[in-house]
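Q: Can you keep this structure in mind? I'll have questions shortly.
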There are 4 protein chains.
Amino acid sequence: MIIVLKPGLSKKDESAVLREIRKLGYRPHVMRGVERTVVGAIGDERTHPSLETLASWPQVEQVMPVQKRYKLVSREAHQTTSTISVRGNVIGGRKIQVMAGPCSVEDERQLLNTAHAVRKAGATFLRGGAFKPRTSPYEFQGLGLKGLKLLAKARRETGLAVITELLSEQSAGLVAEYADIIQIGARNSQNFQLLIAAAKTGRPVLLKRGLSMRIEEWLLAGEYVLSNNNPNLMFCERGIRTFETYTRNTLDLSTVPIVKQESHCPIIIDPSQGVGRADLVAAMCKGAVAMGADGLLIEVHPNPAEAWSDGAQQLTLAGFATLMEELKPFIAAAGREF
Amino acid sequence: MIIVLKPGLSKKDESAVLREIRKLGYRPHVMRGVERTVVGAIGDERTHPSLETLASWPQVEQVMPVQKRYKLVSREAHQTTSTISVRGNVIGGRKIQVMAGPCSVEDERQLLNTAHAVRKAGATFLRGGAFKPRTSPYEFQGLGLKGLKLLAKARRETGLAVITELLSEQSAGLVAEYADIIQIGARNSQNFQLLIAAAKTGRPVLLKRGLSMRIEEWLLAGEYVLSNNNPNLMFCERGIRTFETYTRNTLDLSTVPIVKQESHCPIIIDPSQGVGRADLVAAMCKGAVAMGADGLLIEVHPNPAEAWSDGAQQLTLAGFATLMEELKPFIAAAGREF
Amino acid sequence: MIIVLKPGLSKKDESAVLREIRKLGYRPHVMRGVERTVVGAIGDERTHPSLETLASWPQVEQVMPVQKRYKLVSREAHQTTSTISVRGNVIGGRKIQVMAGPCSVEDERQLLNTAHAVRKAGATFLRGGAFKPRTSPYEFQGLGLKGLKLLAKARRETGLAVITELLSEQSAGLVAEYADIIQIGARNSQNFQLLIAAAKTGRPVLLKRGLSMRIEEWLLAGEYVLSNNNPNLMFCERGIRTFETYTRNTLDLSTVPIVKQESHCPIIIDPSQGVGRADLVAAMCKGAVAMGADGLLIEVHPNPAEAWSDGAQQLTLAGFATLMEELKPFIAAAGREF
Amino acid sequence: MIIVLKPGLSKKDESAVLREIRKLGYRPHVMRGVERTVVGAIGDERTHPSLETLASWPQVEQVMPVQKRYKLVSREAHQTTSTISVRGNVIGGRKIQVMAGPCSVEDERQLLNTAHAVRKAGATFLRGGAFKPRTSPYEFQGLGLKGLKLLAKARRETGLAVITELLSEQSAGLVAEYADIIQIGARNSQNFQLLIAAAKTGRPVLLKRGLSMRIEEWLLAGEYVLSNNNPNLMFCERGIRTFETYTRNTLDLSTVPIVKQESHCPIIIDPSQGVGRADLVAAMCKGAVAMGADGLLIEVHPNPAEAWSDGAQQLTLAGFATLMEELKPFIAAAGREF
């Protein structure tokens, strides 16, 4: 920690700050600059009480952390890149994994049609919401257990692995029974109890970035998974909230190289939520793949206009097949496989 | 719903859109403008599938909702202002309710000292976190049940009512046993399962605004409480996340008149989280009171520099007492009482 | 400057950084912490080349400035509060100055009616745009010189001082001839050439905050005025751009105490632009006054629905008179005068 | 325009709104829905006074524009893609144009070294600031005319075309004498007088997106160039301001497909400003190229740590050469040339 003192402090005021730093378990180191005196507090910020509280003192102008707060997710701690193997599909390896399917599971016909079509086009995972977090209580909330069972049926018929969202601590066991990967959605990205419950199921966890989450906070949320003895964590960028209204969110593709640089965990891109418009999904996928993403999470529906949720952002089956073709040269250019 | 068609559509393409509108249960009404054709879809947007999915059609330029999506929280549905009575303290009435106390409950001495001091200065509620949502798993997570018991003890000793945060569906019953008001924090503001669990306890619920929540989404989250048969809901603005770094968040005081205009529920302001700096809390409180807030949620600690969480934003006991004095003329000017 | 080194650097890599720090004119001071080595660079950051460029070095993790970058606007440099006297009206003194008038000057009748009405209700300044910055080139761009002449006429008839916006360096002389205060709008808040041109006219300058300007950047933009020998600067908060869509902007009232704390210059609040809705203006004014604002900039129009620009946010003449009455108790509570 | 009326209006109140719509030159068309009455106002929103002013009426809940406000920049108006030819280099054609060079022109040696190196690596344009907009008046403001002359010299020696920023209306003629493309920076993106002055020089204009500019506003700012008889406009995305602090800005790559969809003008990406960190530039370039960008604007410096401005985001000469090699497969995959 670096503590910047207010200019013109008396000797006595300065001593009081140094005393408090020592009391909290750090060794103070004073540097006198031209206009400011700065104190370095030597000690481990992760095992001692934070010195940020010193910011409340009238003698203190600013407190600046120096260490990174994340540990187990960091590349510093774990220099080789992690991979996650799910039913034979390796996430974070050479092959780019495509996870496709409807926003919500609606009925057997919709789901099986989609599953067969996306598998044929090259997807290896089936996505589909059985429990849906909806802004309004009057919107469709998902089929629940019935949806999970349909996902399992689609897996049996197509061989696709299944990824679906967990919304409630109480259904962690249930969802883990049916899902190959548990998704934590943007609105629950700092619902730490849910993260712990998901981690404890032992299933791989895909952690979406919250709508206004700084990257550091996202990595720290991932830390809740790894520190609960679940090493199989992947991050998923799905757009952040900004002032722009043309797109539903602003998909922050800089997260691809950043997560790779800061962490050893795989990074997946969700362009459907990211821009919220089907007509932009293909371009976003090309960018993501070129930049090194390990996977894509794409919403696909047999008839988007009649979808029960988020139709505007779902691709048709034909649109998805075309996209998969178009991605090939970019995947090759990135030195990856399909 | 208003559906704006792309310019230059063929008759056939236009008919397909109209057919779909009818199929989804609405009556289309066509208006031909100078450059665009617009279709009004007559029907209740809350009981029919949303037409927003039409945005995925290549014929459609834009879909714009016309109705408000919230219902039970709206002033339209409930024209008289709601009040909530908690241990004899009426929230939303003439008296401004001040809820004060430490960010986290740390130990008996800290809590009781604070409780006695804030009561003496005029607070009617004691706030204090027993379960703490922390960005990092390595930070203090709260005393849990022990914290709840200390809050109950402080209530017995001072007569202050207790407000504390609920973090997990599984502890809803436990928290409701000890708390007079259940707080839902910003990070859980769209954790709908938690909102439902809180509503079902029957306790009044204080719903904080999420870090990047639009006001419409906040009101809709409140709808989850009211539609689960709990009429005792209050909103609490605690700052939104913006690009500014001088303050921890940007406290959006416009929510005071907006919530009053759109809803019948009380509105509380949390200046401590809102700006994250003790030196700005007094000014924010004056503004909130002048603008018509029904209450204030203020962090107070006997020794902020040694607080176990968020010390930078907590007032000292003396600072709180001074603030309460300074607020008096503004409360009077607003035609309210203390 | 504080330079945080990457962990695990070789002696040689570390020396290279220290050598560069010395070369750039600073004295390095090394502190070895538990996980990171930190270098304090002693020297004046305002007279030496910035060390932020060191962030491009692979050896460096982070560079953190310690000094404040603003100087002449800072309270540190100028501890007494500055006041600005304009035609006998003192801005920054006990009296709260109200600057009212139409968004755009449209014609003589509109302007004179408004001027007489706002003066009668207690305003001391007439605002009105003669040159208008418009998002689209097809919108009304202002009456130009004719508008300036009408403002001057209204001043002669009512005694109100005049504030109007400067849009172009080339008209700085012209605007200064007619205006008592030169306004720099949000879109030009970092148009530094315009700031310099405005400063050089010698007229007092009101500097609006840009839509996405951090407070530090705003103070630094003000530094362009003071460092060009014009001491008469006031800041004006007019709302920042956020994700919220209910209001046009998010009016950040925390700027009132912050500008007072960091600077000696007066702070004015513009609630009309700030929220963009006439129905919220009164509440925002009450908050601003309670928090210590030195003045208010309010849009008023005889018939807002027929205004040539921004009708949605302009008060009627009657609405303005009512507001002025309603503000009285809050002005008194704040220990100010009208 | 669509005008949504408040629920429960009297016949008289409704008539007043309809009368005003007619008075402003539109034909009202009433649609009665389940909970709201909606009025379509038929007429051209670009030639009549805006009806948005109606939002100030107590009878009106909301006013929603239907037409797009931009015209000359729109693909609707101009369906073939525009190209701009500069000294034989075609922007917007098959070849991706790379514009590279230092943030600021510092001296002859720095500029010529850079120019030769970037030309050799494949760049076709030399970028370099002669006039620099700096947040603080105490930072280096550019070499001015001397810088322009150095750019011209580098052009003579290398054959590279020159792009440089225009900061002041008064130097429009001067900059146009030396520059092949005039750059309008983010801070001046809504300095409409400067846009007009740039347009009138007849030089091609590169218009950067403002830090908090919605895409619609950006396109409308471009409209100022085209409507001033200069058809040679290109847009340049350079990152928007968000809450994220890991990167300097959030580079919004969705603008590539969006600008292509909405407009006929070329789109250039500036990854250097966009993320503000040299270590992320290569990945961002790959994404931009894969998504269809027409060009890249990249900061390159012989010794970034000693750069006079923005060193943290400038590539070394070797780093730039490596990047150009790495881009080749992605350019081929996108069906473009180098």
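Residue numbers start at 1 in each chain; chains themselves are named A, B, ... in the order of the structure tokens; ligands are numbered from 1 in the order shown.
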Hand me chain B as it sits after a least-squares fit onto chain D over every Cα, paired in order, written as a short mmCIF file (atom, residue, chain, number, x, y, z; two decimals) with C-alpha atoms, in the first residue's frame.

A:
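Result file follows (superposed.cif):
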data_model
loop_
_atom_site.label_atom_id
_atom_site.label_comp_id
_atom_site.auth_asym_id
_atom_site.auth_seq_id
_atom_site.Cartn_x
_atom_site.Cartn_y
_atom_site.Cartn_z
CA MET B 1 -42.70 11.12 -34.35
CA ILE B 2 -44.73 8.99 -31.99
CA ILE B 3 -46.32 10.83 -29.08
CA VAL B 4 -47.46 8.68 -26.15
CA LEU B 5 -50.19 10.37 -24.12
CA LYS B 6 -50.55 10.02 -20.35
CA PRO B 7 -53.31 7.57 -19.38
CA GLY B 8 -56.73 8.92 -18.43
CA LEU B 9 -56.56 12.25 -20.34
CA SER B 10 -59.74 14.26 -20.79
CA LYS B 11 -61.06 14.81 -24.31
CA LYS B 12 -60.08 18.47 -23.98
CA ASP B 13 -56.50 17.75 -22.99
CA GLU B 14 -56.12 15.32 -25.85
CA SER B 15 -57.47 17.87 -28.34
CA ALA B 16 -54.98 20.45 -27.17
CA VAL B 17 -52.13 18.09 -28.02
CA LEU B 18 -53.55 17.30 -31.44
CA ARG B 19 -54.01 21.00 -32.13
CA GLU B 20 -50.39 21.70 -31.27
CA ILE B 21 -49.20 18.86 -33.52
CA ARG B 22 -51.12 20.36 -36.42
CA LYS B 23 -49.84 23.84 -35.60
CA LEU B 24 -46.26 22.59 -35.83
CA GLY B 25 -46.96 21.28 -39.34
CA TYR B 26 -47.67 17.58 -38.83
CA ARG B 27 -50.77 15.48 -39.41
CA PRO B 28 -51.80 13.62 -36.24
CA HIS B 29 -52.96 10.02 -36.42
CA VAL B 30 -54.54 8.64 -33.25
CA MET B 31 -54.26 5.00 -32.13
CA ARG B 32 -56.07 3.86 -29.02
CA GLY B 33 -54.34 0.97 -27.26
CA VAL B 34 -55.22 -1.02 -24.16
CA GLU B 35 -53.62 1.32 -21.64
CA ARG B 36 -52.19 4.16 -23.66
CA THR B 37 -53.27 6.36 -26.52
CA VAL B 38 -50.55 6.97 -29.04
CA VAL B 39 -50.39 9.65 -31.71
CA GLY B 40 -48.37 9.27 -34.85
CA ALA B 41 -47.37 12.65 -36.28
CA ILE B 42 -46.99 12.41 -40.04
CA GLY B 43 -44.49 14.86 -41.56
CA ASP B 44 -40.79 15.16 -42.21
CA GLU B 45 -38.91 15.51 -38.93
CA ARG B 46 -35.93 17.04 -40.66
CA THR B 47 -37.75 19.96 -42.21
CA HIS B 48 -40.26 20.78 -39.45
CA PRO B 49 -39.60 21.95 -35.91
CA SER B 50 -39.01 18.95 -33.71
CA LEU B 51 -41.96 17.61 -31.76
CA GLU B 52 -39.65 16.58 -28.94
CA THR B 53 -40.59 19.85 -27.27
CA LEU B 54 -44.03 18.34 -26.68
CA ALA B 55 -42.40 16.27 -23.95
CA SER B 56 -42.69 19.33 -21.72
CA TRP B 57 -46.51 19.10 -21.79
CA PRO B 58 -48.15 17.57 -18.76
CA GLN B 59 -50.42 15.58 -21.07
CA VAL B 60 -47.52 13.83 -22.76
CA GLU B 61 -45.68 10.81 -21.37
CA GLN B 62 -43.06 10.30 -24.03
CA VAL B 63 -42.04 11.44 -27.50
CA MET B 64 -40.22 8.94 -29.72
CA PRO B 65 -38.52 9.79 -33.01
CA VAL B 66 -39.07 7.35 -35.84
CA GLN B 67 -36.95 8.69 -38.67
CA LYS B 68 -33.21 8.54 -38.70
CA ARG B 69 -31.77 12.00 -38.29
CA TYR B 70 -28.71 11.54 -40.49
CA LYS B 71 -29.09 11.73 -44.19
CA LEU B 72 -25.99 12.35 -46.33
CA VAL B 73 -23.79 9.93 -44.39
CA SER B 74 -26.46 7.22 -44.45
CA ARG B 75 -26.35 4.15 -46.62
CA GLU B 76 -30.02 4.69 -47.27
CA ALA B 77 -29.16 7.87 -49.17
CA HIS B 78 -26.03 6.50 -50.83
CA GLN B 79 -26.08 2.78 -51.32
CA THR B 80 -22.66 2.24 -52.87
CA THR B 81 -19.69 2.20 -50.57
CA SER B 82 -17.60 5.36 -50.78
CA THR B 83 -13.86 5.27 -51.26
CA ILE B 84 -11.38 8.07 -50.73
CA SER B 85 -8.23 8.32 -52.79
CA VAL B 86 -5.26 10.03 -51.17
CA ARG B 87 -1.98 10.19 -53.12
CA GLY B 88 -2.89 6.97 -54.85
CA ASN B 89 -3.95 5.13 -51.69
CA VAL B 90 -7.61 4.14 -51.77
CA ILE B 91 -9.33 4.13 -48.37
CA GLY B 92 -12.42 1.94 -48.25
CA GLY B 93 -11.27 -0.34 -51.05
CA ARG B 94 -9.73 -3.81 -50.98
CA LYS B 95 -6.48 -2.70 -49.44
CA ILE B 96 -6.33 -2.07 -45.71
CA GLN B 97 -4.56 1.23 -45.10
CA VAL B 98 -2.21 1.42 -42.15
CA MET B 99 -1.53 4.90 -40.75
CA ALA B 100 1.38 4.80 -38.36
CA GLY B 101 3.70 7.18 -36.57
CA PRO B 102 4.40 8.91 -33.29
CA CYS B 103 1.78 10.46 -31.04
CA SER B 104 3.64 13.81 -31.27
CA VAL B 105 6.21 15.01 -33.75
CA GLU B 106 9.23 15.67 -31.52
CA ASP B 107 12.20 16.26 -33.81
CA GLU B 108 13.50 15.43 -37.25
CA ARG B 109 15.40 12.35 -36.24
CA GLN B 110 12.52 10.81 -34.34
CA LEU B 111 10.08 11.46 -37.17
CA LEU B 112 12.24 10.35 -40.09
CA ASN B 113 13.39 7.20 -38.32
CA THR B 114 9.80 6.30 -37.62
CA ALA B 115 8.63 7.18 -41.11
CA HIS B 116 11.22 5.03 -42.83
CA ALA B 117 10.56 2.13 -40.47
CA VAL B 118 6.78 2.13 -40.79
CA ARG B 119 6.95 2.50 -44.56
CA LYS B 120 9.27 -0.46 -44.76
CA ALA B 121 6.89 -2.50 -42.65
CA GLY B 122 3.96 -1.68 -44.92
CA ALA B 123 2.30 1.51 -43.69
CA THR B 124 1.01 3.90 -46.37
CA PHE B 125 0.30 6.92 -44.17
CA LEU B 126 2.41 8.74 -41.61
CA ARG B 127 0.57 10.01 -38.56
CA GLY B 128 2.02 12.52 -36.10
CA GLY B 129 0.66 15.35 -34.00
CA ALA B 130 1.97 18.88 -34.62
CA PHE B 131 -0.78 20.49 -32.53
CA LYS B 132 -1.61 18.42 -29.44
CA PRO B 133 -4.73 18.75 -27.28
CA ARG B 134 -3.46 18.19 -23.75
CA THR B 135 -5.56 17.75 -20.62
CA SER B 136 -3.21 20.04 -18.72
CA PRO B 137 -1.82 23.37 -19.95
CA TYR B 138 1.54 22.36 -18.47
CA GLU B 139 2.02 19.43 -20.85
CA PHE B 140 3.78 19.56 -24.22
CA GLN B 141 1.45 21.23 -26.75
CA GLY B 142 3.14 20.20 -29.98
CA LEU B 143 5.74 21.78 -32.26
CA GLY B 144 3.13 23.59 -34.36
CA LEU B 145 4.28 24.82 -37.76
CA LYS B 146 7.70 23.28 -37.24
CA GLY B 147 5.99 19.93 -36.78
CA LEU B 148 3.97 20.36 -39.95
CA LYS B 149 7.15 21.09 -41.90
CA LEU B 150 8.82 17.98 -40.54
CA LEU B 151 5.82 15.92 -41.61
CA ALA B 152 6.09 17.36 -45.12
CA LYS B 153 9.78 16.55 -45.18
CA ALA B 154 9.08 12.97 -44.11
CA ARG B 155 6.51 12.71 -46.88
CA ARG B 156 9.04 13.85 -49.46
CA GLU B 157 11.59 11.34 -48.21
CA THR B 158 9.31 8.32 -47.89
CA GLY B 159 6.33 8.91 -50.14
CA LEU B 160 4.00 8.30 -47.20
CA ALA B 161 0.86 10.45 -47.17
CA VAL B 162 0.39 12.56 -44.04
CA ILE B 163 -2.45 12.65 -41.52
CA THR B 164 -2.38 15.15 -38.66
CA GLU B 165 -4.81 16.72 -36.22
CA LEU B 166 -6.50 20.11 -36.56
CA LEU B 167 -7.16 21.83 -33.24
CA SER B 168 -8.20 25.34 -34.12
CA GLU B 169 -10.41 26.90 -36.80
CA GLN B 170 -7.75 29.51 -37.26
CA SER B 171 -5.13 27.06 -38.40
CA ALA B 172 -7.38 25.12 -40.80
CA GLY B 173 -5.74 26.68 -43.85
CA LEU B 174 -2.26 26.07 -42.51
CA VAL B 175 -2.85 22.44 -41.61
CA ALA B 176 -4.55 21.78 -44.95
CA GLU B 177 -1.44 23.06 -46.69
CA TYR B 178 0.67 20.31 -45.14
CA ALA B 179 -1.72 17.45 -44.43
CA ASP B 180 -3.23 14.94 -46.83
CA ILE B 181 -5.93 14.01 -44.32
CA ILE B 182 -7.18 16.28 -41.54
CA GLN B 183 -7.90 14.53 -38.29
CA ILE B 184 -10.58 15.81 -35.90
CA GLY B 185 -9.85 14.46 -32.44
CA ALA B 186 -12.22 12.94 -29.91
CA ARG B 187 -12.33 16.07 -27.75
CA ASN B 188 -13.39 18.16 -30.74
CA SER B 189 -15.82 15.67 -32.24
CA GLN B 190 -18.75 17.98 -31.47
CA ASN B 191 -16.84 21.21 -32.04
CA PHE B 192 -19.05 21.90 -35.01
CA GLN B 193 -17.27 25.10 -36.06
CA LEU B 194 -14.05 23.14 -36.38
CA LEU B 195 -15.78 20.43 -38.39
CA ILE B 196 -17.09 23.03 -40.80
CA ALA B 197 -13.67 24.68 -41.07
CA ALA B 198 -12.07 21.30 -41.77
CA ALA B 199 -14.70 20.41 -44.36
CA LYS B 200 -14.18 23.68 -46.18
CA THR B 201 -10.47 23.07 -46.72
CA GLY B 202 -11.46 20.36 -49.19
CA ARG B 203 -9.09 17.84 -47.60
CA PRO B 204 -10.41 14.41 -46.61
CA VAL B 205 -11.49 14.41 -42.97
CA LEU B 206 -11.01 11.63 -40.42
CA LEU B 207 -13.55 12.10 -37.63
CA LYS B 208 -12.80 10.41 -34.34
CA ARG B 209 -15.62 9.30 -32.11
CA GLY B 210 -16.00 11.38 -28.96
CA LEU B 211 -15.40 9.81 -25.57
CA SER B 212 -19.10 9.59 -24.79
CA MET B 213 -20.65 9.93 -28.21
CA ARG B 214 -23.52 7.72 -29.23
CA ILE B 215 -23.14 6.29 -32.72
CA GLU B 216 -26.09 8.37 -33.92
CA GLU B 217 -24.38 11.56 -32.73
CA TRP B 218 -21.15 10.55 -34.43
CA LEU B 219 -22.91 10.02 -37.73
CA LEU B 220 -24.64 13.39 -37.29
CA ALA B 221 -21.31 15.08 -36.64
CA GLY B 222 -20.13 13.53 -39.91
CA GLU B 223 -23.18 15.10 -41.51
CA TYR B 224 -21.57 18.50 -40.78
CA VAL B 225 -18.71 17.53 -43.11
CA LEU B 226 -20.79 16.15 -45.96
CA SER B 227 -23.34 18.95 -45.81
CA ASN B 228 -20.47 21.42 -46.20
CA ASN B 229 -19.67 19.98 -49.60
CA ASN B 230 -16.85 17.70 -48.61
CA PRO B 231 -17.63 14.12 -49.63
CA ASN B 232 -14.38 12.67 -48.30
CA LEU B 233 -15.22 11.65 -44.77
CA MET B 234 -14.03 8.63 -42.82
CA PHE B 235 -14.98 7.65 -39.27
CA CYS B 236 -12.45 6.52 -36.69
CA GLU B 237 -13.34 4.59 -33.54
CA ARG B 238 -10.83 5.27 -30.74
CA GLY B 239 -12.50 3.90 -27.65
CA ILE B 240 -15.25 5.24 -25.45
CA ARG B 241 -15.12 6.16 -21.81
CA THR B 242 -16.55 3.57 -19.45
CA PHE B 243 -16.10 2.55 -15.82
CA GLU B 244 -13.26 0.14 -16.69
CA THR B 245 -9.82 1.23 -15.49
CA TYR B 246 -7.59 -1.59 -16.76
CA THR B 247 -7.66 -0.01 -20.20
CA ARG B 248 -7.62 3.73 -20.84
CA ASN B 249 -10.78 3.50 -22.92
CA THR B 250 -13.06 0.70 -24.09
CA LEU B 251 -12.49 0.13 -27.80
CA ASP B 252 -15.92 -0.53 -29.26
CA LEU B 253 -15.23 -2.81 -32.21
CA SER B 254 -18.95 -3.23 -32.90
CA THR B 255 -18.66 0.12 -34.65
CA VAL B 256 -16.99 -1.64 -37.59
CA PRO B 257 -20.10 -3.54 -38.74
CA ILE B 258 -22.42 -0.77 -37.53
CA VAL B 259 -20.77 2.04 -39.49
CA LYS B 260 -20.68 -0.22 -42.54
CA GLN B 261 -24.38 -0.94 -42.13
CA GLU B 262 -25.57 2.59 -41.45
CA SER B 263 -23.16 4.57 -43.61
CA HIS B 264 -21.29 4.44 -46.90
CA CYS B 265 -18.15 6.04 -45.43
CA PRO B 266 -14.98 4.10 -44.49
CA ILE B 267 -14.24 3.12 -40.91
CA ILE B 268 -10.77 3.21 -39.37
CA ILE B 269 -9.79 1.76 -35.98
CA ASP B 270 -7.34 3.40 -33.58
CA PRO B 271 -6.29 0.69 -31.12
CA SER B 272 -3.56 2.82 -29.51
CA GLN B 273 -5.89 5.42 -28.03
CA GLY B 274 -8.55 2.73 -27.81
CA VAL B 275 -6.88 0.70 -25.09
CA GLY B 276 -3.98 2.96 -24.14
CA ARG B 277 -1.59 0.05 -23.62
CA ALA B 278 0.98 -1.08 -26.16
CA ASP B 279 0.72 -4.70 -24.99
CA LEU B 280 -2.89 -4.98 -26.21
CA VAL B 281 -2.54 -3.22 -29.57
CA ALA B 282 -1.73 -6.30 -31.65
CA ALA B 283 -4.79 -8.23 -30.50
CA MET B 284 -7.09 -5.26 -31.11
CA CYS B 285 -5.71 -4.87 -34.66
CA LYS B 286 -6.38 -8.52 -35.44
CA GLY B 287 -9.97 -8.15 -34.29
CA ALA B 288 -10.49 -4.94 -36.25
CA VAL B 289 -9.15 -6.42 -39.45
CA ALA B 290 -11.19 -9.61 -39.11
CA MET B 291 -14.34 -7.56 -38.59
CA GLY B 292 -13.88 -5.53 -41.75
CA ALA B 293 -12.15 -2.29 -40.76
CA ASP B 294 -10.84 -0.27 -43.71
CA GLY B 295 -7.76 0.96 -41.93
CA LEU B 296 -5.74 1.14 -38.73
CA LEU B 297 -4.26 4.18 -36.99
CA ILE B 298 -1.34 3.03 -34.85
CA GLU B 299 1.07 4.95 -32.63
CA VAL B 300 4.72 4.00 -33.15
CA HIS B 301 7.79 5.58 -31.54
CA PRO B 302 11.52 4.76 -31.68
CA ASN B 303 11.71 4.90 -27.87
CA PRO B 304 8.28 4.95 -26.19
CA ALA B 305 9.65 5.47 -22.68
CA GLU B 306 11.09 8.81 -23.72
CA ALA B 307 8.13 9.93 -25.80
CA TRP B 308 6.87 13.43 -25.04
CA SER B 309 3.27 12.23 -24.89
CA ASP B 310 1.35 8.99 -24.36
CA GLY B 311 4.36 6.72 -24.27
CA ALA B 312 2.42 3.90 -22.66
CA GLN B 313 0.45 3.24 -25.81
CA GLN B 314 3.12 3.55 -28.49
CA LEU B 315 4.69 0.52 -30.17
CA THR B 316 8.42 0.31 -30.81
CA LEU B 317 9.61 0.15 -34.43
CA ALA B 318 10.33 -3.54 -34.03
CA GLY B 319 6.97 -4.15 -32.37
CA PHE B 320 5.23 -2.51 -35.29
CA ALA B 321 7.10 -4.59 -37.87
CA THR B 322 6.16 -7.78 -36.02
CA LEU B 323 2.53 -6.73 -35.84
CA MET B 324 2.40 -6.10 -39.57
CA GLU B 325 3.65 -9.63 -40.18
CA GLU B 326 1.15 -11.11 -37.74
CA LEU B 327 -1.75 -9.32 -39.39
CA LYS B 328 -1.18 -10.87 -42.80
CA PRO B 329 -3.20 -14.08 -42.36
CA PHE B 330 -6.14 -12.14 -40.90
CA ILE B 331 -6.13 -9.68 -43.78
CA ALA B 332 -6.18 -12.57 -46.19
CA ALA B 333 -8.97 -14.29 -44.24
CA ALA B 334 -11.01 -11.09 -44.48
CA GLY B 335 -10.58 -11.10 -48.25
CA ARG B 336 -8.54 -7.91 -48.11
CA GLU B 337 -5.08 -6.87 -49.15
CA PHE B 338 -2.20 -5.16 -47.50
#

Q: Return as a PyMOL selection string the full set of residues in segment 101-308 of chain D whose backbone-based DSSP assignment is strand (DSSP E or B).

A: chain D and resi 101+104+125-127+129+161-165+181-184+205-208+233-237+240+250+263+267-269+295-300
